[in-house]
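Notes follow once the structure below has been shown.
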Amino acid sequence: MNRKEILKACLTSVFKQTFDAVEVIVVDNNSTDGTGEMVKQCFPDVMLLENGRNLGPAEARNQAIRICRGDFLWFLDSDTIVLDAQCLSFMVSALAEHDDIGAIGAEMIEEKT
């Protein structure tokens, strides 16, 4: 909610991924800062769900789960910046090659300013 600029940076980093078979879904929990319009203008390929009230992160994820069509899900919060353009490729490869892996995550690096 009301994180338009950081979401823009997040989506920009997602679309720099070398793994290009992605479906991106953004659930806007009733932002009032123009987040929805920014997504529509800057990222027209993103599926945008706009809630009339803040339903919380768990329900937002559930909404995305109900409409996604992919084999894998990658949940990102709006303040995530993916630094390595091959991050998603590495994770999908690991999941596809190992039947005994059910979930995978990435390392968080806190940027110091």
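So you can find residues: chains in the structure tokens are A, B, ... in the order shown, residues in each start at 1, and ligands are numbered from 1 in order.
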
DSSP-assigned alpha helix (DSSP H) members of chain A, reported as a PyMOL selection string: chain A and resi 4-14+35-42+56-67+87-97

Could you go through chain A and tell me which residues DSSP, when run on the backbone, assigns to strand (DSSP E), listing them as a VMD selection string? chain A and resid 25 to 28 47 to 50

So that I can check the surroundings of Gly34 (chain A), please list as a PyMOL selection string every protein, DNA and RNA residue that reaches within 12 Å of it, counting only C-alpha atoms and ignoring chain neighbours fewer than 6 positions away. chain A and resi 1-5+7-8+28+40-42+50

Produce a file of the selected residues containing N, CA and C atoms, as a compact mmCIF listing (two decimals), in the first residue's frame.
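What follows is the written file again.txt:
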```txt
# COMPACT_ATOMS: atom_id res chain seq x y z
N MET A 1 0.84 -1.18 0.00
CA MET A 1 0.00 0.00 0.00
C MET A 1 0.88 1.24 0.00
N ASN A 2 0.68 2.10 -0.97
CA ASN A 2 1.39 3.37 -1.10
C ASN A 2 2.91 3.18 -1.17
N ARG A 3 3.32 2.31 -2.07
CA ARG A 3 4.74 2.04 -2.26
C ARG A 3 5.06 2.07 -3.76
N LYS A 4 4.47 3.02 -4.45
CA LYS A 4 4.55 3.08 -5.90
C LYS A 4 5.98 3.06 -6.43
N GLU A 5 6.84 3.89 -5.90
CA GLU A 5 8.21 3.99 -6.45
C GLU A 5 9.03 2.74 -6.17
N LEU A 7 7.81 -0.26 -5.70
CA LEU A 7 7.24 -1.31 -6.54
C LEU A 7 7.74 -1.18 -7.98
N LYS A 8 7.87 0.03 -8.45
CA LYS A 8 8.39 0.24 -9.81
C LYS A 8 9.81 -0.32 -9.93
N ASP A 28 -2.81 -4.95 -5.62
CA ASP A 28 -2.76 -3.64 -4.97
C ASP A 28 -3.82 -3.61 -3.88
N LYS A 40 -0.18 0.05 -14.66
CA LYS A 40 -0.84 0.02 -15.97
C LYS A 40 0.00 0.74 -17.04
N GLN A 41 0.57 1.87 -16.68
CA GLN A 41 1.33 2.67 -17.65
C GLN A 41 2.71 2.10 -17.93
N CYS A 42 3.43 1.72 -16.89
CA CYS A 42 4.83 1.30 -17.04
C CYS A 42 5.00 -0.19 -17.30
N GLU A 50 -6.80 -4.95 -8.25
CA GLU A 50 -6.93 -3.79 -7.37
C GLU A 50 -8.06 -4.04 -6.37
```

Residues within 9 Å of Ile6 (chain A), please, as a list of chain:residue names. Count only C-alpha atoms; anything in the same chain fewer than 4 positions from it doesn't count. A:Cys10, A:Leu11, A:Ser78, A:Asp79, A:Thr80, A:Ile81

Need the shell around region 99-102 of chain A: protein/DNA/RNA residues with any atom at most 12 Å away, counting only C-alpha atoms. Skip same-chain ones fewer than 6 positions apart. Format as JSON, numbers by chain? {"A": [71, 72, 73, 91, 92, 93]}

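Note that the spacing between CA of Ser89 (chain A) and CA of Phe19 (chain A) amounts to 5.1 Å.
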
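Excluding Phe90 (chain A) itself and any same-chain residue fewer than 5 positions from it, the protein and nucleic acid residues within 12 Å of it, counting only C-alpha atoms, are Gln17, Thr18, Phe19, Asp84, Ala85, Leu95, Ala96, Glu97, Ile104, Gly105 and Ala106 of chain A.
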
Write out, as a tab-separated table (two decimals), in the first residue's frame, the residues just selected, with N, CA and C atoms.
```tsv
chain	number	residue	atom	x	y	z
A	17	GLN	N	15.12	-10.22	-15.55
A	17	GLN	CA	15.48	-11.62	-15.39
A	17	GLN	C	15.71	-12.28	-16.74
A	18	THR	N	16.70	-13.17	-16.81
A	18	THR	CA	16.97	-13.89	-18.05
A	18	THR	C	15.93	-14.98	-18.31
A	19	PHE	N	15.26	-15.43	-17.28
A	19	PHE	CA	14.16	-16.38	-17.42
A	19	PHE	C	12.94	-15.57	-17.81
A	84	ASP	N	20.47	-10.12	-9.15
A	84	ASP	CA	21.09	-10.99	-10.15
A	84	ASP	C	20.06	-11.33	-11.22
A	85	ALA	N	20.36	-11.01	-12.46
A	85	ALA	CA	19.42	-11.24	-13.57
A	85	ALA	C	19.16	-12.72	-13.81
A	95	LEU	N	14.55	-26.34	-8.98
A	95	LEU	CA	13.27	-27.00	-8.72
A	95	LEU	C	12.95	-28.05	-9.78
A	96	ALA	N	13.25	-27.75	-11.03
A	96	ALA	CA	12.93	-28.67	-12.13
A	96	ALA	C	13.82	-29.91	-12.12
A	97	GLU	N	15.04	-29.77	-11.65
A	97	GLU	CA	16.00	-30.87	-11.68
A	97	GLU	C	15.90	-31.79	-10.46
A	104	ILE	N	12.04	-23.13	-2.58
A	104	ILE	CA	13.38	-22.58	-2.66
A	104	ILE	C	13.30	-21.09	-2.38
A	105	GLY	N	14.35	-20.55	-1.82
A	105	GLY	CA	14.37	-19.11	-1.52
A	105	GLY	C	15.67	-18.50	-1.96
A	106	ALA	N	15.77	-17.23	-1.78
A	106	ALA	CA	16.97	-16.49	-2.16
A	106	ALA	C	17.55	-15.81	-0.93
```

Report the distance between CA of Leu83 (chain A) and CA of Ala21 (chain A) in Å, rounded to one decimal place. 18.6 Å

A:Val27, A:Glu107, A:Gln86, A:His98 ranked by distance to Asn62 (chain A), top pick (using only C-alpha atoms): A:Val27
